[in-house]
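This report refers to the structure that appears directly beneath it.
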Amino acid sequence: MMKKIGEYLFFWATGGALYYSFEILFRGFSHWSMFVLGGICFVFFFIQGKSLNWQEPLWKQVLRCMVFVTSMEFITGIIVNKWLHYAVWDYSEMPLQLFGQICVPFMVIFSGLSVMGICLSGYIGYYLFGEMKPKYHVL
């Protein structure tokens with residue numbers, strides 16, 4: 001049990017650091033809540049793949065992860081932007097947006113990040129934690 005907790009904490013910290021760094025690189029700034037969110041999403045990438053023995057087509061995994069990431073972004077946005085007024089992001093000017101917290105263009109971006117996260121988390125699990133080797137296929 002403690003091994004699994006340690007493994008998931010590693011995935012969370014790795015995903016948080018990667019997403020936080022991604023935002024710094026492309027936006028020039030980030031917020032601590034993005035570390036938390038990135039970590040949660042990275043753990044999800046790993047768990048969803050592992051739970052299906054990495055057998056499901058990559059497009060289905062990406063679709064599932066994109067929905068998860070977008071849902072988590074919406075929940076996080078409502079908390080940090082609307083309730084706490086941190087103003088971390090605002091998609092109000094973007095097309096096809098909802099309350100300025102999520103939008104279709106960023107869903108597309110998150111689908112690309114999901115592909116990378118699914119693959120990276122699978123191989124981290126395999127090489128560092130002795131988990132099943134992922135077998136990715138598109139169809």
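We label chains A, B, ... in the order they appear in the structure tokens, count residues from 1 in each chain, and number ligands from 1 in the order shown.
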Surrounding residues of Tyr20 in chain A excluding itself and chain neighbours under 6 positions, 12 Å, only C-alpha atoms, as a short mmCIF file (atom, residue, chain, number, x, y, z; two decimals) with N, CA and C atoms, in the first residue's frame:
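So result05.cif came out as:
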data_model
loop_
_atom_site.label_atom_id
_atom_site.label_comp_id
_atom_site.auth_asym_id
_atom_site.auth_seq_id
_atom_site.Cartn_x
_atom_site.Cartn_y
_atom_site.Cartn_z
N TRP A 12 2.20 12.31 -9.40
CA TRP A 12 1.58 13.62 -9.15
C TRP A 12 2.64 14.73 -9.21
N ALA A 13 3.75 14.54 -8.52
CA ALA A 13 4.80 15.57 -8.50
C ALA A 13 5.41 15.75 -9.89
N THR A 14 5.61 14.66 -10.60
CA THR A 14 6.18 14.75 -11.95
C THR A 14 5.22 15.48 -12.89
N PHE A 26 5.43 28.56 -22.10
CA PHE A 26 4.55 29.10 -23.13
C PHE A 26 3.78 30.35 -22.72
N ARG A 27 3.52 30.54 -21.43
CA ARG A 27 2.78 31.73 -20.98
C ARG A 27 3.66 32.74 -20.28
N GLY A 28 4.80 32.28 -19.79
CA GLY A 28 5.70 33.16 -19.05
C GLY A 28 5.41 33.20 -17.56
N PHE A 29 4.35 32.54 -17.12
CA PHE A 29 3.99 32.49 -15.70
C PHE A 29 3.07 31.30 -15.47
N SER A 30 2.89 30.96 -14.22
CA SER A 30 1.94 29.93 -13.85
C SER A 30 1.43 30.23 -12.44
N HIS A 31 0.75 29.29 -11.85
CA HIS A 31 0.16 29.46 -10.53
C HIS A 31 0.26 28.10 -9.83
N TRP A 32 0.38 28.09 -8.51
CA TRP A 32 0.52 26.83 -7.79
C TRP A 32 -0.63 25.86 -8.07
N SER A 33 -1.81 26.38 -8.33
CA SER A 33 -2.96 25.50 -8.59
C SER A 33 -2.76 24.69 -9.87
N MET A 34 -1.94 25.19 -10.80
CA MET A 34 -1.67 24.46 -12.03
C MET A 34 -0.73 23.29 -11.77
N PHE A 35 0.13 23.42 -10.78
CA PHE A 35 0.96 22.29 -10.35
C PHE A 35 0.06 21.18 -9.82
N VAL A 36 -0.86 21.55 -8.94
CA VAL A 36 -1.79 20.57 -8.36
C VAL A 36 -2.61 19.90 -9.47
N LEU A 37 -3.18 20.70 -10.35
CA LEU A 37 -4.02 20.17 -11.43
C LEU A 37 -3.22 19.29 -12.39
N GLY A 38 -2.05 19.74 -12.78
CA GLY A 38 -1.21 18.94 -13.68
C GLY A 38 -0.86 17.60 -13.07
N GLY A 39 -0.60 17.59 -11.78
CA GLY A 39 -0.29 16.34 -11.09
C GLY A 39 -1.46 15.39 -11.07
#
Hey, what does DSSP flag as strand (DSSP E or B) within chain A? Can you give it to me as a PyMOL selection string? chain A and resi 97-98+102-103
Write out, as an mmCIF file, in the first residue's frame, the residues just selected, with N, CA, C and O atoms.
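The resulting file, out_33.cif, is reproduced below:
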data_model
loop_
_atom_site.group_PDB
_atom_site.id
_atom_site.type_symbol
_atom_site.label_atom_id
_atom_site.label_comp_id
_atom_site.auth_asym_id
_atom_site.auth_seq_id
_atom_site.Cartn_x
_atom_site.Cartn_y
_atom_site.Cartn_z
ATOM 1 N N GLN A 97 -16.566 28.869 -25.503
ATOM 2 C CA GLN A 97 -16.109 28.809 -24.115
ATOM 3 C C GLN A 97 -17.304 28.692 -23.162
ATOM 4 O O GLN A 97 -18.434 28.956 -23.539
ATOM 5 N N LEU A 98 -17.034 28.263 -21.940
ATOM 6 C CA LEU A 98 -18.062 28.130 -20.919
ATOM 7 C C LEU A 98 -17.597 28.864 -19.660
ATOM 8 O O LEU A 98 -16.607 28.458 -19.039
ATOM 9 N N ILE A 102 -13.374 27.073 -19.585
ATOM 10 C CA ILE A 102 -12.944 26.063 -20.558
ATOM 11 C C ILE A 102 -13.368 26.538 -21.946
ATOM 12 O O ILE A 102 -14.283 27.344 -22.070
ATOM 13 N N CYS A 103 -12.664 26.029 -22.970
ATOM 14 C CA CYS A 103 -13.023 26.359 -24.342
ATOM 15 C C CYS A 103 -12.503 25.268 -25.267
ATOM 16 O O CYS A 103 -11.569 24.533 -24.925
#
Within 9 Å of range 132-135 of chain A, which residues of range 5-112 of chain A come that close, and what is the closest atom pair and distance in Å for each? Count only C-alpha atoms and give it as a tab-separated table.
residue	atom	partner	partner_atom	distance
A:Gly49	CA	A:Pro134	CA	8.1
A:Lys50	CA	A:Met132	CA	7.6
A:Asn53	CA	A:Met132	CA	7.3
A:Trp54	CA	A:Pro134	CA	5.2
A:Gln55	CA	A:Lys135	CA	6.5
A:Glu56	CA	A:Lys135	CA	9.0
Write out as a PyMOL selection string all residues of range 5-135 of chain A that backbone DSSP assigns to alpha helix (DSSP H). chain A and resi 5-27+32-51+58-77+104-129
Expected file: the selected residues, C-alpha atoms, as a PDB file, in the first residue's frame:
ATOM      1  CA  ILE A   5       1.035   5.791  -2.446  1.00  0.00           C
ATOM      2  CA  GLY A   6       4.678   6.631  -3.118  1.00  0.00           C
ATOM      3  CA  GLU A   7       4.284   5.734  -6.773  1.00  0.00           C
ATOM      4  CA  TYR A   8       1.211   7.929  -7.176  1.00  0.00           C
ATOM      5  CA  LEU A   9       2.873  10.799  -5.311  1.00  0.00           C
ATOM      6  CA  PHE A  10       5.796  10.509  -7.729  1.00  0.00           C
ATOM      7  CA  PHE A  11       3.418  10.650 -10.710  1.00  0.00           C
ATOM      8  CA  TRP A  12       1.583  13.617  -9.153  1.00  0.00           C
ATOM      9  CA  ALA A  13       4.796  15.569  -8.502  1.00  0.00           C
ATOM     10  CA  THR A  14       6.175  14.748 -11.947  1.00  0.00           C
ATOM     11  CA  GLY A  15       2.972  15.767 -13.714  1.00  0.00           C
ATOM     12  CA  GLY A  16       2.689  18.912 -11.629  1.00  0.00           C
ATOM     13  CA  ALA A  17       6.262  19.939 -12.360  1.00  0.00           C
ATOM     14  CA  LEU A  18       5.885  19.205 -16.075  1.00  0.00           C
ATOM     15  CA  TYR A  19       2.663  21.157 -16.476  1.00  0.00           C
ATOM     16  CA  TYR A  20       3.881  24.063 -14.346  1.00  0.00           C
ATOM     17  CA  SER A  21       7.054  24.198 -16.483  1.00  0.00           C
ATOM     18  CA  PHE A  22       4.984  23.966 -19.688  1.00  0.00           C
ATOM     19  CA  GLU A  23       2.987  27.020 -18.612  1.00  0.00           C
ATOM     20  CA  ILE A  24       6.125  28.975 -17.681  1.00  0.00           C
ATOM     21  CA  LEU A  25       7.613  28.136 -21.068  1.00  0.00           C
ATOM     22  CA  PHE A  26       4.552  29.103 -23.131  1.00  0.00           C
ATOM     23  CA  ARG A  27       2.780  31.726 -20.982  1.00  0.00           C
ATOM     24  CA  TRP A  32       0.522  26.829  -7.789  1.00  0.00           C
ATOM     25  CA  SER A  33      -2.957  25.503  -8.593  1.00  0.00           C
ATOM     26  CA  MET A  34      -1.668  24.462 -12.032  1.00  0.00           C
ATOM     27  CA  PHE A  35       0.962  22.289 -10.351  1.00  0.00           C
ATOM     28  CA  VAL A  36      -1.792  20.569  -8.365  1.00  0.00           C
ATOM     29  CA  LEU A  37      -4.017  20.170 -11.432  1.00  0.00           C
ATOM     30  CA  GLY A  38      -1.205  18.940 -13.679  1.00  0.00           C
ATOM     31  CA  GLY A  39      -0.288  16.341 -11.094  1.00  0.00           C
ATOM     32  CA  ILE A  40      -3.845  15.070 -10.748  1.00  0.00           C
ATOM     33  CA  CYS A  41      -4.166  14.760 -14.522  1.00  0.00           C
ATOM     34  CA  PHE A  42      -0.859  12.900 -14.859  1.00  0.00           C
ATOM     35  CA  VAL A  43      -1.930  10.383 -12.214  1.00  0.00           C
ATOM     36  CA  PHE A  44      -5.185   9.909 -14.146  1.00  0.00           C
ATOM     37  CA  PHE A  45      -3.260   9.319 -17.405  1.00  0.00           C
ATOM     38  CA  PHE A  46      -1.358   6.503 -15.729  1.00  0.00           C
ATOM     39  CA  ILE A  47      -4.285   4.927 -13.877  1.00  0.00           C
ATOM     40  CA  GLN A  48      -6.596   4.874 -16.881  1.00  0.00           C
ATOM     41  CA  GLY A  49      -3.990   3.173 -19.046  1.00  0.00           C
ATOM     42  CA  LYS A  50      -2.870   0.728 -16.390  1.00  0.00           C
ATOM     43  CA  SER A  51      -6.438  -0.250 -15.483  1.00  0.00           C
ATOM     44  CA  LEU A  58      -4.723   5.431 -28.040  1.00  0.00           C
ATOM     45  CA  TRP A  59      -7.521   7.544 -29.518  1.00  0.00           C
ATOM     46  CA  LYS A  60      -9.944   6.233 -26.868  1.00  0.00           C
ATOM     47  CA  GLN A  61      -7.443   6.934 -24.099  1.00  0.00           C
ATOM     48  CA  VAL A  62      -6.872  10.444 -25.434  1.00  0.00           C
ATOM     49  CA  LEU A  63     -10.600  11.113 -25.641  1.00  0.00           C
ATOM     50  CA  ARG A  64     -11.112   9.904 -22.056  1.00  0.00           C
ATOM     51  CA  CYS A  65      -8.170  11.956 -20.802  1.00  0.00           C
ATOM     52  CA  MET A  66      -9.236  15.073 -22.706  1.00  0.00           C
ATOM     53  CA  VAL A  67     -12.676  14.892 -21.093  1.00  0.00           C
ATOM     54  CA  PHE A  68     -11.074  14.368 -17.669  1.00  0.00           C
ATOM     55  CA  VAL A  69      -8.592  17.230 -18.104  1.00  0.00           C
ATOM     56  CA  THR A  70     -11.279  19.606 -19.376  1.00  0.00           C
ATOM     57  CA  SER A  71     -13.600  18.659 -16.513  1.00  0.00           C
ATOM     58  CA  MET A  72     -10.838  19.181 -13.961  1.00  0.00           C
ATOM     59  CA  GLU A  73      -9.915  22.498 -15.572  1.00  0.00           C
ATOM     60  CA  PHE A  74     -13.538  23.616 -15.273  1.00  0.00           C
ATOM     61  CA  ILE A  75     -13.764  22.601 -11.606  1.00  0.00           C
ATOM     62  CA  THR A  76     -10.397  24.190 -10.835  1.00  0.00           C
ATOM     63  CA  GLY A  77     -11.366  27.336 -12.723  1.00  0.00           C
ATOM     64  CA  VAL A 104     -12.752  24.121 -27.379  1.00  0.00           C
ATOM     65  CA  PRO A 105      -9.365  25.443 -28.620  1.00  0.00           C
ATOM     66  CA  PHE A 106      -7.751  24.508 -25.309  1.00  0.00           C
ATOM     67  CA  MET A 107      -9.502  21.131 -25.346  1.00  0.00           C
ATOM     68  CA  VAL A 108      -7.586  20.470 -28.572  1.00  0.00           C
ATOM     69  CA  ILE A 109      -4.326  21.565 -26.934  1.00  0.00           C
ATOM     70  CA  PHE A 110      -5.071  19.351 -23.933  1.00  0.00           C
ATOM     71  CA  SER A 111      -5.670  16.376 -26.230  1.00  0.00           C
ATOM     72  CA  GLY A 112      -2.111  16.794 -27.540  1.00  0.00           C
ATOM     73  CA  LEU A 113      -0.756  17.076 -24.010  1.00  0.00           C
ATOM     74  CA  SER A 114      -2.788  13.989 -23.105  1.00  0.00           C
ATOM     75  CA  VAL A 115      -1.033  11.932 -25.789  1.00  0.00           C
ATOM     76  CA  MET A 116       2.326  12.925 -24.336  1.00  0.00           C
ATOM     77  CA  GLY A 117       1.129  12.341 -20.764  1.00  0.00           C
ATOM     78  CA  ILE A 118      -0.317   8.907 -21.522  1.00  0.00           C
ATOM     79  CA  CYS A 119       2.881   7.743 -23.207  1.00  0.00           C
ATOM     80  CA  LEU A 120       5.226   9.275 -20.645  1.00  0.00           C
ATOM     81  CA  SER A 121       3.285   7.989 -17.646  1.00  0.00           C
ATOM     82  CA  GLY A 122       3.136   4.481 -19.112  1.00  0.00           C
ATOM     83  CA  TYR A 123       6.872   4.308 -19.659  1.00  0.00           C
ATOM     84  CA  ILE A 124       7.679   5.877 -16.286  1.00  0.00           C
ATOM     85  CA  GLY A 125       5.520   3.199 -14.673  1.00  0.00           C
ATOM     86  CA  TYR A 126       7.315   0.502 -16.628  1.00  0.00           C
ATOM     87  CA  TYR A 127      10.914   1.676 -16.207  1.00  0.00           C
ATOM     88  CA  LEU A 128      10.799   3.092 -12.677  1.00  0.00           C
ATOM     89  CA  PHE A 129       8.125   1.016 -10.948  1.00  0.00           C
TER      90      PHE A 129
END
Could you jot down the CA of Ile78 in chain A to CA of Leu96 in chain A separation for me, Å, one decimal place? 17.1 Å
One decimal place gives the CA of Lys82 in chain A-CA of Gly100 in chain A separation as 9.7 Å
